[in-house]
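Visitor: Structure in structure tokens, see below.
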Amino acid sequence: MPEEVLAPSVAVTQKKSFLRAARGEHMRIPPVWLMRQAGRYLPEYLAVRADHDFISVCRTPDLACEVTMQPIRRFDFDAAILFSDILIPAIPLGCGLRFDSGHGPVIERPVRSRNEVDSLREFDPREELDDVLAAVKLIRRELPDDKALIGFAGAPFTLACYLIEGGKPDPFRNVKRMMYSDPEAFTKLLNKLADFTADYMLAMIDAGADAIQLFDTWGGILTVAEFRALNLPVLQRIVAALNHSVAPTTYFVLNGMHLASVAEIGADVYGLDWRMPIQSAKARFGTQASLQGNLDPVLLLTDETTIRRAARQIINDAEGAGFIFNLGHGILPDTPISSVDILLDEIRSSRA
Ligand code: CP3
């Protein structure tokens with residue numbers, strides 16, 4: 001990111017430890033937040049959900065703000081992540097979205113042919129996702145100055161997986177069929193998704209998001225060659241659009257260790273899952289980017305000694321790097337609150 005767009009006073013007096021670490025500074029106590037930190041493991045979240053369905057929570061600024069703030073109040077995390085979902089844009093795209101309890105997301109009108117790609121609606125996120133942007137504004141006002149607000153989107157490939165498959169993509173039959181048999185239509189789809197994603201993320205930054213995370217949950221199913229040919233160009237395009245702004249971008253890919261070209265995306269931070277040792281990531285990214293991760297969420301279902309040992313190992317491995325502590329994927333709904341308390345105590349134990 002060009003230095004001149006960061007006012008020197010902002011760079012020097014930056015109170016948000018998340019942003020300092022995202023810019024490459026090694027913090028003795030790493031900033032910490034957890035993917036899916038707002039959600040079903042919190043009784044106060046379940047209380048809100050008892051009266052409102054998931055999409056209504058996402059699309060009602062007061063409710064989205066309330067559930068975004070819940071984990072900050074309880075755990076004092078260093079960053080809040082907007083409460084929304086990567087699939088919300090399926091609504092203005094015209095695909096229809098619902099969440100069936102127990103079955104996850106359902107895309108009511110999947111996109112499987114060239115015609116269906118062509119007939120996706122074009123929309124202006126500032127108009128049709130104005131409720132999400134209003135939530136960002138509200139949260140930024142509520143959030144203390146030393147906490148960063150993270151806005152986010154699904155990476156185009158991951159979004160495409162849900163739109164094509166009509167729900168949970170695994171085992172990717174329709175996605176791969178379209179990718180192999182009509183790569184042109186597939187690329188067109190990715191480009192359409194990248195277009196609104198860049199606009200949407202810039203609108204979030206204008207509304208007050210301090211940083212952006214792109215979630216590429218399914219990017220790791222691609223071969224090295226497919227990732228390079230299909231995914232890398234759209235990711236580079238989004239990151240390049242965002243890097244003209246002042247907000248750092250994190251790229252998170254699940255199970256993507258085999259993808260050397262990830263390093264060419266140009267992100268400021270790379271989110272690691274638990275498979276990728278921090279040491280190897282340091283060797284791969286050097287001082288080019290900061291790292292985020294990567295405790296296995298299942299460790300939070302174990303005992304105190306095991307949690308503390310695993311967290312300490314990660315902190316030791318990250319020594320010297322710009323580093324943000326997180327999980328290697330989203331927190332599991334059956335995670336005990338006490339495990340999160342133990343984790344935070346271990347991370348912050350040398351703060352006193
Ligand atoms: O706290 C946060 O991290 C912010 C909110 C957030 C949600 N989803 C809320 C949510 C974020 C950043 C996401 C990202 C997301 N959504 C991803 C990428 C990250 C990942 O987990 O791989 C994906 C693939 C989705 C799509 C999605 N949303 C699925 C597959 C599901 C159903 C499975 C599940 O976990 O229930 C959702 C629902 C969802 N998104 C919930 C929450 C809190 C559960 C809704 C509820 O029942 O209350």
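Chain lettering (A, B, ...) mirrors the order of the structure tokens, residue numbering begins at 1 for each chain separately, and ligand numbering begins at 1 in order of display.
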Excluding Glu304 (chain A) and its own-chain neighbours fewer than 3 positions away, which residues fall within 8 Å of it when counting only C-alpha atoms? Please give them as a PyMOL selection string.
Guide: chain A and resi 307-308+339+342
Visitor: Give the residues close to ligand 1, within 9 Å, counting only C-alpha atoms and all ligand atoms; write them as a ChimeraX atom specification.
Guide: /A:34-40,45-46,49,53-55,57-58,67-68,71,80-87,99-105,151-155,158-159,162,167-168,213-218,252-254,329-333
Visitor: Quote the spacing between CA of Ala148 (chain A) and CA of Glu25 (chain A) in Å to one decimal place.
Guide: 15.4 Å
Visitor: Give the answer as one residue: which of A:Val175, A:Ala134, A:Val340, A:Val239 has the shortest atom-to-atom distance to Asp62 (chain A), using only C-alpha atoms?
Guide: A:Ala134
Visitor: Residues at most 12 Å from region 280-288 of chain A, counting only C-alpha atoms, excluding those fewer than 5 positions away in the same chain, as a PyMOL selection string?
Guide: chain A and resi 1+21-26+256-275+293-294+314+317-323
Visitor: Return as a compact mmCIF listing (two decimals) with N, CA, C and O atoms, in the first residue's frame the full set of residues in region 88-125 of chain A whose backbone-based DSSP assignment is strand (DSSP E or B).
Guide:
# COMPACT_ATOMS: atom_id res chain seq x y z
N LEU A 97 -31.96 -16.55 -1.05
CA LEU A 97 -31.16 -17.16 0.02
C LEU A 97 -32.05 -17.44 1.21
O LEU A 97 -32.88 -16.62 1.60
N ARG A 98 -31.92 -18.66 1.75
CA ARG A 98 -32.52 -18.91 3.05
C ARG A 98 -31.60 -19.83 3.84
O ARG A 98 -30.74 -20.51 3.26
N PHE A 99 -31.75 -19.82 5.15
CA PHE A 99 -30.98 -20.72 6.00
C PHE A 99 -31.97 -21.66 6.66
O PHE A 99 -32.83 -21.22 7.42
N ASP A 100 -31.90 -22.94 6.32
CA ASP A 100 -32.77 -23.93 6.94
C ASP A 100 -32.05 -24.49 8.16
O ASP A 100 -30.89 -24.91 8.04
N GLY A 104 -28.00 -25.58 6.93
CA GLY A 104 -27.15 -24.52 6.43
C GLY A 104 -27.83 -23.74 5.33
O GLY A 104 -29.05 -23.78 5.18
N PRO A 105 -27.03 -23.03 4.51
CA PRO A 105 -27.60 -22.12 3.53
C PRO A 105 -28.21 -22.84 2.32
O PRO A 105 -27.71 -23.88 1.90
N VAL A 106 -29.27 -22.24 1.78
CA VAL A 106 -29.87 -22.74 0.54
C VAL A 106 -29.96 -21.58 -0.44
O VAL A 106 -30.51 -20.52 -0.12
N ILE A 107 -29.37 -21.78 -1.63
CA ILE A 107 -29.52 -20.80 -2.72
C ILE A 107 -30.71 -21.28 -3.54
O ILE A 107 -30.69 -22.40 -4.10
Visitor: Counting only C-alpha atoms, which residue out of A:Arg109, A:Lys147, A:Arg140, A:Arg73 sits closest to Lys16 (chain A)?
Guide: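 Smallest separation from Lys16 (chain A) among the options: A:Lys147.
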Visitor: Give the answer as one residue: which of A:Phe227, A:Phe157, A:Phe123, A:Phe172 has the shortest atom-to-atom distance to Asp199 (chain A), using only C-alpha atoms?
Guide: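 Going through A:Phe227, A:Phe157, A:Phe123, A:Phe172 one by one, the smallest distance to Asp199 (chain A) is for A:Phe123.
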Visitor: Running DSSP on the backbone, which parts of region 68-202 of chain A land in alpha helix (DSSP H), as JSON, numbers by chain?
Guide: {"A": [68, 69, 70, 71, 72, 73, 74, 75, 114, 115, 116, 117, 118, 125, 126, 127, 128, 130, 131, 132, 133, 134, 135, 136, 137, 138, 139, 140, 141, 142, 156, 157, 158, 159, 160, 161, 162, 163, 164, 165, 173, 174, 175, 176, 177, 178, 179, 180, 181, 183, 184, 185, 186, 187, 188, 189, 190, 191, 192, 193, 194, 195, 196, 197, 198, 199, 200, 201, 202]}
Visitor: Produce a file of the selected residues containing C-alpha atoms, as a PDB file, in the first residue's frame.
Guide:
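For reference, part29.pdb as written:
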ATOM      1  CA  THR A  68     -21.162  -7.833  16.767  1.00  0.00           C
ATOM      2  CA  MET A  69     -20.548  -6.130  20.129  1.00  0.00           C
ATOM      3  CA  GLN A  70     -21.453  -9.161  22.291  1.00  0.00           C
ATOM      4  CA  PRO A  71     -18.073 -10.956  22.064  1.00  0.00           C
ATOM      5  CA  ILE A  72     -16.215  -7.638  22.461  1.00  0.00           C
ATOM      6  CA  ARG A  73     -18.045  -6.917  25.727  1.00  0.00           C
ATOM      7  CA  ARG A  74     -17.504 -10.424  27.034  1.00  0.00           C
ATOM      8  CA  PHE A  75     -13.906 -11.051  25.928  1.00  0.00           C
ATOM      9  CA  ARG A 114     -24.058 -19.482 -19.197  1.00  0.00           C
ATOM     10  CA  ASN A 115     -27.552 -17.945 -19.393  1.00  0.00           C
ATOM     11  CA  GLU A 116     -27.900 -18.026 -15.650  1.00  0.00           C
ATOM     12  CA  VAL A 117     -24.533 -16.285 -15.291  1.00  0.00           C
ATOM     13  CA  ASP A 118     -25.671 -13.628 -17.781  1.00  0.00           C
ATOM     14  CA  PRO A 125     -23.955  -2.357  -2.928  1.00  0.00           C
ATOM     15  CA  ARG A 126     -24.331   1.206  -1.601  1.00  0.00           C
ATOM     16  CA  GLU A 127     -28.013   1.034  -2.479  1.00  0.00           C
ATOM     17  CA  GLU A 128     -29.030  -2.590  -2.131  1.00  0.00           C
ATOM     18  CA  ASP A 130     -27.267  -0.168   2.530  1.00  0.00           C
ATOM     19  CA  ASP A 131     -28.550  -1.932   5.666  1.00  0.00           C
ATOM     20  CA  VAL A 132     -25.212  -3.764   6.017  1.00  0.00           C
ATOM     21  CA  LEU A 133     -23.343  -0.498   5.516  1.00  0.00           C
ATOM     22  CA  ALA A 134     -25.575   1.190   8.110  1.00  0.00           C
ATOM     23  CA  ALA A 135     -24.588  -1.579  10.548  1.00  0.00           C
ATOM     24  CA  VAL A 136     -20.894  -0.889   9.848  1.00  0.00           C
ATOM     25  CA  LYS A 137     -21.435   2.809  10.657  1.00  0.00           C
ATOM     26  CA  LEU A 138     -23.267   2.008  13.856  1.00  0.00           C
ATOM     27  CA  ILE A 139     -20.655  -0.509  15.035  1.00  0.00           C
ATOM     28  CA  ARG A 140     -17.756   1.853  14.333  1.00  0.00           C
ATOM     29  CA  ARG A 141     -19.497   4.478  16.506  1.00  0.00           C
ATOM     30  CA  GLU A 142     -20.032   1.977  19.362  1.00  0.00           C
ATOM     31  CA  PRO A 156     -15.401 -14.985  -5.669  1.00  0.00           C
ATOM     32  CA  PHE A 157     -14.528 -18.677  -6.030  1.00  0.00           C
ATOM     33  CA  THR A 158     -16.055 -19.590  -2.653  1.00  0.00           C
ATOM     34  CA  LEU A 159     -19.162 -17.542  -3.410  1.00  0.00           C
ATOM     35  CA  ALA A 160     -19.403 -19.193  -6.835  1.00  0.00           C
ATOM     36  CA  CYS A 161     -19.269 -22.627  -5.166  1.00  0.00           C
ATOM     37  CA  TYR A 162     -22.416 -21.857  -3.126  1.00  0.00           C
ATOM     38  CA  LEU A 163     -24.223 -20.147  -6.025  1.00  0.00           C
ATOM     39  CA  ILE A 164     -23.565 -23.036  -8.417  1.00  0.00           C
ATOM     40  CA  GLU A 165     -24.152 -25.883  -5.992  1.00  0.00           C
ATOM     41  CA  ARG A 173     -19.939 -31.831  -8.718  1.00  0.00           C
ATOM     42  CA  ASN A 174     -21.698 -28.921 -10.377  1.00  0.00           C
ATOM     43  CA  VAL A 175     -18.899 -26.461  -9.650  1.00  0.00           C
ATOM     44  CA  LYS A 176     -16.274 -28.660 -11.286  1.00  0.00           C
ATOM     45  CA  ARG A 177     -18.564 -29.627 -14.150  1.00  0.00           C
ATOM     46  CA  MET A 178     -19.029 -25.963 -15.079  1.00  0.00           C
ATOM     47  CA  MET A 179     -15.347 -25.143 -14.478  1.00  0.00           C
ATOM     48  CA  TYR A 180     -14.172 -28.012 -16.711  1.00  0.00           C
ATOM     49  CA  SER A 181     -16.807 -27.864 -19.445  1.00  0.00           C
ATOM     50  CA  PRO A 183     -14.383 -22.262 -18.326  1.00  0.00           C
ATOM     51  CA  GLU A 184     -15.453 -19.106 -20.126  1.00  0.00           C
ATOM     52  CA  ALA A 185     -18.823 -18.946 -18.341  1.00  0.00           C
ATOM     53  CA  PHE A 186     -17.087 -19.874 -15.085  1.00  0.00           C
ATOM     54  CA  THR A 187     -14.565 -17.047 -15.463  1.00  0.00           C
ATOM     55  CA  LYS A 188     -17.366 -14.649 -16.328  1.00  0.00           C
ATOM     56  CA  LEU A 189     -19.129 -15.619 -13.106  1.00  0.00           C
ATOM     57  CA  LEU A 190     -15.967 -15.057 -11.027  1.00  0.00           C
ATOM     58  CA  ASN A 191     -15.436 -11.675 -12.667  1.00  0.00           C
ATOM     59  CA  LYS A 192     -19.025 -10.586 -12.011  1.00  0.00           C
ATOM     60  CA  LEU A 193     -18.620 -11.538  -8.359  1.00  0.00           C
ATOM     61  CA  ALA A 194     -15.252  -9.771  -8.123  1.00  0.00           C
ATOM     62  CA  ASP A 195     -16.771  -6.570  -9.555  1.00  0.00           C
ATOM     63  CA  PHE A 196     -19.381  -6.081  -6.865  1.00  0.00           C
ATOM     64  CA  THR A 197     -17.093  -7.429  -4.123  1.00  0.00           C
ATOM     65  CA  ALA A 198     -14.491  -4.707  -4.699  1.00  0.00           C
ATOM     66  CA  ASP A 199     -17.239  -2.013  -4.661  1.00  0.00           C
ATOM     67  CA  TYR A 200     -18.887  -3.544  -1.608  1.00  0.00           C
ATOM     68  CA  MET A 201     -15.627  -3.660   0.373  1.00  0.00           C
ATOM     69  CA  LEU A 202     -14.742  -0.070  -0.584  1.00  0.00           C
TER      70      LEU A 202
END
Visitor: Pick out the closest residue to Leu93 (chain A) from this set: A:Glu44, A:Asp76, A:Glu108, A:Asp345. Count only C-alpha atoms.
Guide: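 Ranking A:Glu44, A:Asp76, A:Glu108, A:Asp345 by distance to Leu93 (chain A), first place goes to A:Glu108.
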Visitor: Identify, on the basis of only C-alpha atoms, every residue whose closest approach to Ile29 (chain A) does not exceed 10 Å; exclude the query and any residue fewer than 6 positions from it along the same chain; express the result as number ranges by chain.
Guide: A: 17, 315, 323-325, 347-351
Visitor: Just checking: using only C-alpha atoms, which residue out of A:Asn243, A:Asn326, A:Gln236, A:Ser56 ends up closest to Pro30 (chain A)?
Guide: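 That would be A:Asn326, the residue with the smallest distance to Pro30 (chain A).
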